[in-house]
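Trainee: After the structure tokens below, expect a handful of questions from me.
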Amino acid sequence: MANISDIRRDQFMLKGPLAGKGYDWWWHSFTGYHEKTGEAKGFFIEFFTCNPKRGGAKPVFGQSSETARPSYLMVKCGAWGEKHAQLHRFFAWSDVKIRRKVPFAVKAGNCLLDENCTAGEVTVTAGEAAAHPERMSDSGSMRWKLTIDKKTAFHVGYGAAGIFRKMNAFEMFWHAEGMKTEYAGWVEYNGERYLVRPQDCYGYADKNWGGDFTSPWVWLSSCHLTSLRTGKQLEDSVFDIGGGCPKAFGIALKRKLLSDFWYEGQDYEFNFSKFWTGTRTKFACEESETQIIWHVEQETFRAKMVTDITCEKKDMLLFNYESPDGYKRHNRLWNGGNGVGTVKLYAKKLGRLTLLDEIRAENVGCEYGEY
């Protein structure tokens, strides 16, 4: 069973070697609705921490010199679709308060995040964005106040267990405490107010931490799912796919993905680290002139999942991060929240496949980048 809550994996992880060469972030994405027109819009909020041991009274940007290592809390937020943007606000470590025990909490200025709520404000003028390319930000403004109710978890198993965390066994760790999350509250984006409702926010929450980022970098997730067999929306379902090229103890495990489909209370996990399940994965990601396209096939001894998703590039962002060593390696990391497509889920018995359902997926969170 992959739907296991474990908020210990949400705690702040930058201690030991990772305190001087590591990152840790908490990610949230959801849909809001314009309070006057009802227009739907996808939003994201991320609290990204980097190299606290190297911090001080000012944020340090890795791209400011050839030898600098980044050190800061970056509050990243923004929107997909029309008038999309990623906005960055940076805090020096001297201005950051983090509860290092379980449950976690992060606060800097008027930006805060914990397991149950988040609030904050980021404003970047066009002049500031142009004058400070090292901040990797577009211009715009976003304010928010939200409650967070994580409904379904993707627990990846022993690969992120305490012993492996202490050994920093993997270059990039992952835990999705809320692969299905209900948010409630409001967002104000460039002066326009949007309402966020639990029943149709199609929310997602996870975290990543480690010493560097994977390449290729793949992520797909949605809880806005409709059965094409019955025509009904699946109220207790969500899928989550992530990975690319994980590294264990410095050794690249090429083209590996972790995924889980929680389908109406039944769990179908495809996890290469659980070798006894016979997990096999094939995936391809392509960039056309107008779209990013994902095709993923995963199989175990008992099930198969075939996922086909597309997202329009005009609705997406090229996400910006710098690695803890100061280099910006990912320069075409496509990130979106408006993906659409299908998932075919099969049961397998004695090698024979039976189609359980073909599912229409909307509001798909999606990411692809390679360097």
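Residues in the structure tokens are numbered from 1 in each chain, the chains being A, B, ... in the order shown, and ligands are numbered from 1 in the order shown.
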As a PDB file with N, CA and C atoms, in the first residue's frame, which residues of stretch 75-165 of chain A does DSSP assign to strand (DSSP E)?

Mentor:
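Dumped everything to selection.pdb:
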```pdb
ATOM      1  N   VAL A  75      11.071  31.903  -1.974  1.00  0.00           N
ATOM      2  CA  VAL A  75       9.634  31.666  -2.088  1.00  0.00           C
ATOM      3  C   VAL A  75       9.278  31.865  -3.548  1.00  0.00           C
ATOM      4  N   LYS A  76       8.869  30.774  -4.166  1.00  0.00           N
ATOM      5  CA  LYS A  76       8.566  30.770  -5.610  1.00  0.00           C
ATOM      6  C   LYS A  76       7.058  30.594  -5.756  1.00  0.00           C
ATOM      7  N   CYS A  77       6.442  31.416  -6.595  1.00  0.00           N
ATOM      8  CA  CYS A  77       5.005  31.288  -6.811  1.00  0.00           C
ATOM      9  C   CYS A  77       4.676  31.785  -8.204  1.00  0.00           C
ATOM     10  N   GLY A  78       3.455  31.541  -8.643  1.00  0.00           N
ATOM     11  CA  GLY A  78       3.057  32.025  -9.951  1.00  0.00           C
ATOM     12  C   GLY A  78       1.876  31.267 -10.501  1.00  0.00           C
ATOM     13  N   ALA A  79       1.694  31.386 -11.816  1.00  0.00           N
ATOM     14  CA  ALA A  79       0.507  30.837 -12.468  1.00  0.00           C
ATOM     15  C   ALA A  79       0.859  30.334 -13.855  1.00  0.00           C
ATOM     16  N   ALA A  85       3.567  33.299 -15.195  1.00  0.00           N
ATOM     17  CA  ALA A  85       4.801  33.877 -14.657  1.00  0.00           C
ATOM     18  C   ALA A  85       5.283  33.039 -13.490  1.00  0.00           C
ATOM     19  N   GLN A  86       6.604  33.062 -13.268  1.00  0.00           N
ATOM     20  CA  GLN A  86       7.188  32.551 -12.033  1.00  0.00           C
ATOM     21  C   GLN A  86       7.828  33.721 -11.314  1.00  0.00           C
ATOM     22  N   LEU A  87       7.500  33.883 -10.043  1.00  0.00           N
ATOM     23  CA  LEU A  87       7.943  35.025  -9.244  1.00  0.00           C
ATOM     24  C   LEU A  87       8.768  34.521  -8.071  1.00  0.00           C
ATOM     25  N   HIS A  88       9.905  35.168  -7.827  1.00  0.00           N
ATOM     26  CA  HIS A  88      10.837  34.730  -6.792  1.00  0.00           C
ATOM     27  C   HIS A  88      11.075  35.836  -5.770  1.00  0.00           C
ATOM     28  N   ARG A  89      10.995  35.448  -4.511  1.00  0.00           N
ATOM     29  CA  ARG A  89      11.362  36.339  -3.405  1.00  0.00           C
ATOM     30  C   ARG A  89      12.397  35.611  -2.545  1.00  0.00           C
ATOM     31  N   PHE A  90      13.489  36.286  -2.228  1.00  0.00           N
ATOM     32  CA  PHE A  90      14.600  35.649  -1.535  1.00  0.00           C
ATOM     33  C   PHE A  90      14.754  36.211  -0.121  1.00  0.00           C
ATOM     34  N   PHE A  91      15.077  35.310   0.814  1.00  0.00           N
ATOM     35  CA  PHE A  91      15.327  35.686   2.198  1.00  0.00           C
ATOM     36  C   PHE A  91      16.701  35.174   2.624  1.00  0.00           C
ATOM     37  N   LYS A  97      12.927  31.453   9.937  1.00  0.00           N
ATOM     38  CA  LYS A  97      12.673  30.604  11.099  1.00  0.00           C
ATOM     39  C   LYS A  97      12.108  29.270  10.605  1.00  0.00           C
ATOM     40  N   ILE A  98      12.762  28.165  10.996  1.00  0.00           N
ATOM     41  CA  ILE A  98      12.315  26.835  10.581  1.00  0.00           C
ATOM     42  C   ILE A  98      12.166  25.951  11.816  1.00  0.00           C
ATOM     43  N   ARG A  99      11.009  25.329  11.934  1.00  0.00           N
ATOM     44  CA  ARG A  99      10.834  24.288  12.944  1.00  0.00           C
ATOM     45  C   ARG A  99      11.416  23.011  12.363  1.00  0.00           C
ATOM     46  N   ALA A 105       7.654  23.658   9.954  1.00  0.00           N
ATOM     47  CA  ALA A 105       7.082  24.984   9.694  1.00  0.00           C
ATOM     48  C   ALA A 105       8.212  25.887   9.221  1.00  0.00           C
ATOM     49  N   VAL A 106       7.903  26.749   8.257  1.00  0.00           N
ATOM     50  CA  VAL A 106       8.867  27.704   7.712  1.00  0.00           C
ATOM     51  C   VAL A 106       8.219  29.079   7.715  1.00  0.00           C
ATOM     52  N   LYS A 107       8.957  30.085   8.183  1.00  0.00           N
ATOM     53  CA  LYS A 107       8.435  31.447   8.193  1.00  0.00           C
ATOM     54  C   LYS A 107       9.554  32.427   7.903  1.00  0.00           C
ATOM     55  N   ALA A 108       9.269  33.388   7.026  1.00  0.00           N
ATOM     56  CA  ALA A 108      10.176  34.501   6.755  1.00  0.00           C
ATOM     57  C   ALA A 108       9.329  35.685   6.318  1.00  0.00           C
ATOM     58  N   CYS A 111       5.702  35.482   4.776  1.00  0.00           N
ATOM     59  CA  CYS A 111       5.529  34.206   4.069  1.00  0.00           C
ATOM     60  C   CYS A 111       5.671  33.066   5.070  1.00  0.00           C
ATOM     61  N   LEU A 112       4.710  32.161   5.073  1.00  0.00           N
ATOM     62  CA  LEU A 112       4.775  31.037   5.998  1.00  0.00           C
ATOM     63  C   LEU A 112       4.158  29.803   5.355  1.00  0.00           C
ATOM     64  N   LEU A 113       4.626  28.642   5.839  1.00  0.00           N
ATOM     65  CA  LEU A 113       4.141  27.358   5.350  1.00  0.00           C
ATOM     66  C   LEU A 113       4.306  26.323   6.440  1.00  0.00           C
ATOM     67  N   ASP A 114       3.248  25.507   6.644  1.00  0.00           N
ATOM     68  CA  ASP A 114       3.359  24.315   7.468  1.00  0.00           C
ATOM     69  C   ASP A 114       2.443  23.240   6.884  1.00  0.00           C
ATOM     70  N   CYS A 117      -1.357  25.035   6.534  1.00  0.00           N
ATOM     71  CA  CYS A 117      -1.708  26.327   5.939  1.00  0.00           C
ATOM     72  C   CYS A 117      -0.492  26.963   5.298  1.00  0.00           C
ATOM     73  N   THR A 118      -0.760  27.942   4.440  1.00  0.00           N
ATOM     74  CA  THR A 118       0.286  28.782   3.866  1.00  0.00           C
ATOM     75  C   THR A 118      -0.271  30.165   3.577  1.00  0.00           C
ATOM     76  N   ALA A 119       0.588  31.157   3.676  1.00  0.00           N
ATOM     77  CA  ALA A 119       0.232  32.530   3.338  1.00  0.00           C
ATOM     78  C   ALA A 119       1.507  33.229   2.891  1.00  0.00           C
ATOM     79  N   GLY A 120       1.340  34.262   2.076  1.00  0.00           N
ATOM     80  CA  GLY A 120       2.531  34.979   1.648  1.00  0.00           C
ATOM     81  C   GLY A 120       2.258  36.009   0.591  1.00  0.00           C
ATOM     82  N   GLU A 121       3.333  36.656   0.173  1.00  0.00           N
ATOM     83  CA  GLU A 121       3.255  37.713  -0.835  1.00  0.00           C
ATOM     84  C   GLU A 121       4.601  37.812  -1.549  1.00  0.00           C
ATOM     85  N   VAL A 122       4.558  37.872  -2.868  1.00  0.00           N
ATOM     86  CA  VAL A 122       5.756  38.086  -3.678  1.00  0.00           C
ATOM     87  C   VAL A 122       5.422  39.143  -4.727  1.00  0.00           C
ATOM     88  N   THR A 123       6.223  40.187  -4.789  1.00  0.00           N
ATOM     89  CA  THR A 123       6.058  41.235  -5.796  1.00  0.00           C
ATOM     90  C   THR A 123       7.409  41.529  -6.430  1.00  0.00           C
ATOM     91  N   VAL A 124       7.458  41.464  -7.746  1.00  0.00           N
ATOM     92  CA  VAL A 124       8.677  41.742  -8.496  1.00  0.00           C
ATOM     93  C   VAL A 124       8.325  42.728  -9.607  1.00  0.00           C
ATOM     94  N   GLY A 140       5.708  40.632 -11.674  1.00  0.00           N
ATOM     95  CA  GLY A 140       4.301  40.461 -11.331  1.00  0.00           C
ATOM     96  C   GLY A 140       4.131  40.411  -9.827  1.00  0.00           C
ATOM     97  N   SER A 141       2.907  40.118  -9.386  1.00  0.00           N
ATOM     98  CA  SER A 141       2.644  40.055  -7.951  1.00  0.00           C
ATOM     99  C   SER A 141       1.643  38.941  -7.650  1.00  0.00           C
ATOM    100  N   MET A 142       1.814  38.338  -6.481  1.00  0.00           N
ATOM    101  CA  MET A 142       0.888  37.296  -6.039  1.00  0.00           C
ATOM    102  C   MET A 142       0.835  37.304  -4.518  1.00  0.00           C
ATOM    103  N   ARG A 143      -0.374  37.263  -3.992  1.00  0.00           N
ATOM    104  CA  ARG A 143      -0.626  37.128  -2.559  1.00  0.00           C
ATOM    105  C   ARG A 143      -1.551  35.934  -2.366  1.00  0.00           C
ATOM    106  N   TRP A 144      -1.470  35.291  -1.182  1.00  0.00           N
ATOM    107  CA  TRP A 144      -2.343  34.133  -0.964  1.00  0.00           C
ATOM    108  C   TRP A 144      -2.516  33.854   0.526  1.00  0.00           C
ATOM    109  N   LYS A 145      -3.611  33.182   0.828  1.00  0.00           N
ATOM    110  CA  LYS A 145      -3.882  32.653   2.165  1.00  0.00           C
ATOM    111  C   LYS A 145      -4.723  31.401   1.994  1.00  0.00           C
ATOM    112  N   LEU A 146      -4.184  30.251   2.397  1.00  0.00           N
ATOM    113  CA  LEU A 146      -4.811  28.965   2.101  1.00  0.00           C
ATOM    114  C   LEU A 146      -4.690  28.006   3.273  1.00  0.00           C
ATOM    115  N   THR A 147      -5.725  27.196   3.472  1.00  0.00           N
ATOM    116  CA  THR A 147      -5.603  26.032   4.331  1.00  0.00           C
ATOM    117  C   THR A 147      -5.270  24.823   3.465  1.00  0.00           C
ATOM    118  N   ILE A 148      -4.612  23.826   4.061  1.00  0.00           N
ATOM    119  CA  ILE A 148      -4.102  22.662   3.342  1.00  0.00           C
ATOM    120  C   ILE A 148      -4.616  21.399   4.026  1.00  0.00           C
ATOM    121  N   ASP A 149      -5.270  20.531   3.256  1.00  0.00           N
ATOM    122  CA  ASP A 149      -5.782  19.260   3.789  1.00  0.00           C
ATOM    123  C   ASP A 149      -5.329  18.135   2.860  1.00  0.00           C
ATOM    124  N   LYS A 150      -4.261  17.438   3.248  1.00  0.00           N
ATOM    125  CA  LYS A 150      -3.677  16.392   2.412  1.00  0.00           C
ATOM    126  C   LYS A 150      -4.467  15.099   2.574  1.00  0.00           C
ATOM    127  N   LYS A 151      -5.013  14.611   1.455  1.00  0.00           N
ATOM    128  CA  LYS A 151      -5.951  13.486   1.486  1.00  0.00           C
ATOM    129  C   LYS A 151      -5.301  12.142   1.157  1.00  0.00           C
ATOM    130  N   THR A 152      -4.418  12.106   0.163  1.00  0.00           N
ATOM    131  CA  THR A 152      -3.837  10.851  -0.309  1.00  0.00           C
ATOM    132  C   THR A 152      -2.342  11.036  -0.480  1.00  0.00           C
ATOM    133  N   ALA A 153      -1.565  10.072   0.041  1.00  0.00           N
ATOM    134  CA  ALA A 153      -0.105  10.164   0.002  1.00  0.00           C
ATOM    135  C   ALA A 153       0.474   9.154  -0.971  1.00  0.00           C
ATOM    136  N   PHE A 154       1.643   9.491  -1.505  1.00  0.00           N
ATOM    137  CA  PHE A 154       2.471   8.530  -2.233  1.00  0.00           C
ATOM    138  C   PHE A 154       3.741   8.344  -1.422  1.00  0.00           C
TER     139      PHE A 154
END
```

Trainee: Dump as a Markdown table the rows for residues of stretch 171-210 of chain A within 10 Å of stretch 11-20 of chain A: closest atom pair and distance in Å with one decimal, only C-alpha atoms counted, ordered by chain and rising residue number.

Mentor:
```
| residue | atom | partner | partner_atom | distance |
| --- | --- | --- | --- | --- |
| A:Lys207 | CA | A:Gln11 | CA | 9.6 |
| A:Asn208 | CA | A:Met13 | CA | 9.6 |
| A:Trp209 | CA | A:Met13 | CA | 7.1 |
| A:Gly210 | CA | A:Leu18 | CA | 7.0 |
```

Trainee: How about saving the chosen residues, C-alpha atoms kept, as a PDB file, in the first residue's frame?

Mentor:
```pdb
ATOM      1  CA  LYS A 207       8.641  17.716  -1.488  1.00  0.00           C
ATOM      2  CA  ASN A 208      12.093  17.023  -2.920  1.00  0.00           C
ATOM      3  CA  TRP A 209      15.505  17.273  -1.329  1.00  0.00           C
ATOM      4  CA  GLY A 210      19.081  16.260  -2.046  1.00  0.00           C
TER       5      GLY A 210
END
```

Trainee: Neighbours of A:Glu322 within 9 Å (only C-alpha atoms; same-chain residues fewer than 5 positions away dropped), as a VMD selection string?

Mentor: chain A and resid 61 to 63 70 327 to 330

Trainee: Print the selection's residues with N, CA and C atoms to a file, as a PDB file, in the first residue's frame.

Mentor:
```pdb
ATOM      1  N   PHE A  61      23.642  34.387  -4.150  1.00  0.00           N
ATOM      2  CA  PHE A  61      23.229  33.818  -5.427  1.00  0.00           C
ATOM      3  C   PHE A  61      24.408  33.112  -6.087  1.00  0.00           C
ATOM      4  N   GLY A  62      24.190  31.872  -6.487  1.00  0.00           N
ATOM      5  CA  GLY A  62      25.267  31.078  -7.049  1.00  0.00           C
ATOM      6  C   GLY A  62      25.816  31.632  -8.343  1.00  0.00           C
ATOM      7  N   GLN A  63      24.964  32.312  -9.104  1.00  0.00           N
ATOM      8  CA  GLN A  63      25.386  32.820 -10.403  1.00  0.00           C
ATOM      9  C   GLN A  63      26.055  34.196 -10.302  1.00  0.00           C
ATOM     10  N   PRO A  70      24.958  29.125  -3.731  1.00  0.00           N
ATOM     11  CA  PRO A  70      23.720  29.802  -3.337  1.00  0.00           C
ATOM     12  C   PRO A  70      23.344  29.455  -1.904  1.00  0.00           C
ATOM     13  N   TYR A 327      25.734  26.074 -10.013  1.00  0.00           N
ATOM     14  CA  TYR A 327      25.533  26.013 -11.453  1.00  0.00           C
ATOM     15  C   TYR A 327      24.047  25.907 -11.790  1.00  0.00           C
ATOM     16  N   LYS A 328      23.657  26.526 -12.902  1.00  0.00           N
ATOM     17  CA  LYS A 328      22.292  26.412 -13.413  1.00  0.00           C
ATOM     18  C   LYS A 328      22.337  25.504 -14.646  1.00  0.00           C
ATOM     19  N   ARG A 329      22.086  24.220 -14.427  1.00  0.00           N
ATOM     20  CA  ARG A 329      22.223  23.248 -15.508  1.00  0.00           C
ATOM     21  C   ARG A 329      20.936  23.097 -16.314  1.00  0.00           C
ATOM     22  N   HIS A 330      19.803  23.141 -15.631  1.00  0.00           N
ATOM     23  CA  HIS A 330      18.519  23.003 -16.334  1.00  0.00           C
ATOM     24  C   HIS A 330      18.106  24.363 -16.900  1.00  0.00           C
TER      25      HIS A 330
END
```

Trainee: I need the alpha helix (DSSP H) residues of stretch 163-339 of chain A per DSSP on the backbone, written as an NGL selection string.

Mentor: :A and (163-166)

Trainee: With N, CA and C atoms retained, export the selected residues as a PDB file, in the first residue's frame.

Mentor:
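Written out: out04.pdb:
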```
ATOM      1  N   ILE A 163      17.447   5.545   7.267  1.00  0.00           N
ATOM      2  CA  ILE A 163      18.833   5.137   7.106  1.00  0.00           C
ATOM      3  C   ILE A 163      19.423   5.668   5.805  1.00  0.00           C
ATOM      4  N   PHE A 164      18.634   5.668   4.730  1.00  0.00           N
ATOM      5  CA  PHE A 164      19.127   6.174   3.448  1.00  0.00           C
ATOM      6  C   PHE A 164      19.207   7.699   3.446  1.00  0.00           C
ATOM      7  N   ARG A 165      18.309   8.343   4.203  1.00  0.00           N
ATOM      8  CA  ARG A 165      18.403   9.795   4.338  1.00  0.00           C
ATOM      9  C   ARG A 165      19.682  10.179   5.067  1.00  0.00           C
ATOM     10  N   LYS A 166      20.021   9.449   6.128  1.00  0.00           N
ATOM     11  CA  LYS A 166      21.237   9.751   6.879  1.00  0.00           C
ATOM     12  C   LYS A 166      22.479   9.549   6.024  1.00  0.00           C
TER      13      LYS A 166
END
```

Trainee: Point out the residue among A:Pro59, A:Gly243, A:Gly32, A:Gly365 with the least atom-to-atom distance to A:Arg197, counting only C-alpha atoms.

Mentor: A:Gly32

Trainee: Tell me, counting only C-alpha atoms, for each residue of stretch 202-294 of chain A within 12 Å of stretch 314-320 of chain A, which pair of atoms is nearest and how far apart they are in Å to one decimal, in rows ordered by chain and increasing number, as a Markdown table.

Mentor:
```
| residue | atom | partner | partner_atom | distance |
| --- | --- | --- | --- | --- |
| A:Phe213 | CA | A:Asn320 | CA | 11.9 |
| A:Trp217 | CA | A:Phe319 | CA | 11.7 |
| A:Ser288 | CA | A:Lys314 | CA | 11.9 |
| A:Glu289 | CA | A:Lys314 | CA | 10.3 |
| A:Thr290 | CA | A:Lys314 | CA | 7.3 |
| A:Gln291 | CA | A:Lys314 | CA | 8.1 |
| A:Ile292 | CA | A:Met316 | CA | 9.3 |
```

Trainee: Those residues you just picked out, can you put them in a file as a PDB file, in the first residue's frame with C-alpha atoms?

Mentor:
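Saved to selection.pdb:
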```
ATOM      1  CA  PHE A 213      18.612  17.609  -9.635  1.00  0.00           C
ATOM      2  CA  TRP A 217      13.458  15.306 -14.991  1.00  0.00           C
ATOM      3  CA  SER A 288       7.190  19.694 -30.584  1.00  0.00           C
ATOM      4  CA  GLU A 289       6.835  23.230 -31.867  1.00  0.00           C
ATOM      5  CA  THR A 290       3.738  23.816 -29.730  1.00  0.00           C
ATOM      6  CA  GLN A 291       3.541  21.019 -27.140  1.00  0.00           C
ATOM      7  CA  ILE A 292       5.391  18.897 -24.607  1.00  0.00           C
TER       8      ILE A 292
END
```

Trainee: Applying 8 Å and only C-alpha atoms, which residues near A:His155 remain after dropping the ones on its own chain fewer than 6 positions away? List them as a list of chain:residue names.

Mentor: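 Selected residues are A:Ala2, A:Asn3, A:Ile4, A:Ser5, A:Asp6, A:His175, A:Ala176, A:Glu177.
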
Trainee: Hey, what's within 6 Å of A:Val218 if we count only C-alpha atoms and toss same-chain stuff fewer than 4 positions away? As a list of chain:residue names, please?

Mentor: A:Gly242, A:Gly243, A:Gly244, A:Glu367, A:Tyr368

Trainee: Would you write out those residues with N, CA, C and O atoms, as a PDB file, in the first residue's frame?

Mentor:
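Result file selection.pdb:
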```pdb
ATOM      1  N   GLY A 242       7.021  10.238 -11.160  1.00  0.00           N
ATOM      2  CA  GLY A 242       8.170  11.127 -11.041  1.00  0.00           C
ATOM      3  C   GLY A 242       9.481  10.384 -11.158  1.00  0.00           C
ATOM      4  O   GLY A 242       9.569   9.183 -10.920  1.00  0.00           O
ATOM      5  N   GLY A 243      10.528  11.125 -11.530  1.00  0.00           N
ATOM      6  CA  GLY A 243      11.862  10.546 -11.619  1.00  0.00           C
ATOM      7  C   GLY A 243      12.567  10.977 -12.878  1.00  0.00           C
ATOM      8  O   GLY A 243      12.411  12.096 -13.352  1.00  0.00           O
ATOM      9  N   GLY A 244      13.344  10.057 -13.446  1.00  0.00           N
ATOM     10  CA  GLY A 244      14.098  10.343 -14.667  1.00  0.00           C
ATOM     11  C   GLY A 244      15.352   9.512 -14.713  1.00  0.00           C
ATOM     12  O   GLY A 244      15.410   8.468 -15.336  1.00  0.00           O
ATOM     13  N   GLU A 367       6.034  18.093 -15.884  1.00  0.00           N
ATOM     14  CA  GLU A 367       7.359  18.673 -15.945  1.00  0.00           C
ATOM     15  C   GLU A 367       8.245  17.800 -16.812  1.00  0.00           C
ATOM     16  O   GLU A 367       8.154  16.566 -16.773  1.00  0.00           O
ATOM     17  N   TYR A 368       9.100  18.430 -17.591  1.00  0.00           N
ATOM     18  CA  TYR A 368      10.090  17.709 -18.367  1.00  0.00           C
ATOM     19  C   TYR A 368      11.272  18.632 -18.647  1.00  0.00           C
ATOM     20  O   TYR A 368      11.106  19.756 -19.124  1.00  0.00           O
TER      21      TYR A 368
END
```

Trainee: Per residue of stretch 25-125 of chain A within 12 Å of stretch 331-346 of chain A, record the nearest atom pair and its distance in Å to one decimal, counting only C-alpha atoms, with rows in chain order and ascending residue number, as a tab-separated table.

Mentor:
```
residue	atom	partner	partner_atom	distance
A:His28	CA	A:Gly337	CA	11.2
A:Ser29	CA	A:Gly337	CA	7.9
A:Phe30	CA	A:Gly337	CA	8.3
A:Thr31	CA	A:Gly337	CA	8.7
A:Gly32	CA	A:Gly337	CA	11.9
A:Ala40	CA	A:Asn338	CA	10.5
A:Lys41	CA	A:Asn338	CA	8.9
A:Gly42	CA	A:Gly337	CA	6.1
A:Phe43	CA	A:Gly337	CA	7.8
A:Phe44	CA	A:Gly337	CA	8.6
A:Gly78	CA	A:Gly336	CA	10.9
A:Ala79	CA	A:Gly337	CA	8.6
A:Trp80	CA	A:Gly336	CA	6.3
A:Gly81	CA	A:Asn338	CA	7.4
A:Glu82	CA	A:Asn338	CA	11.0
A:His84	CA	A:Gly336	CA	9.8
A:Ala85	CA	A:Gly336	CA	11.0
A:Gln86	CA	A:Asn335	CA	10.3
```

Trainee: Kindly give the distance, in Å, that separates atom CA of A:Tyr263 and atom CA of A:Met172, rounded to a single decimal.

Mentor: 27.0 Å
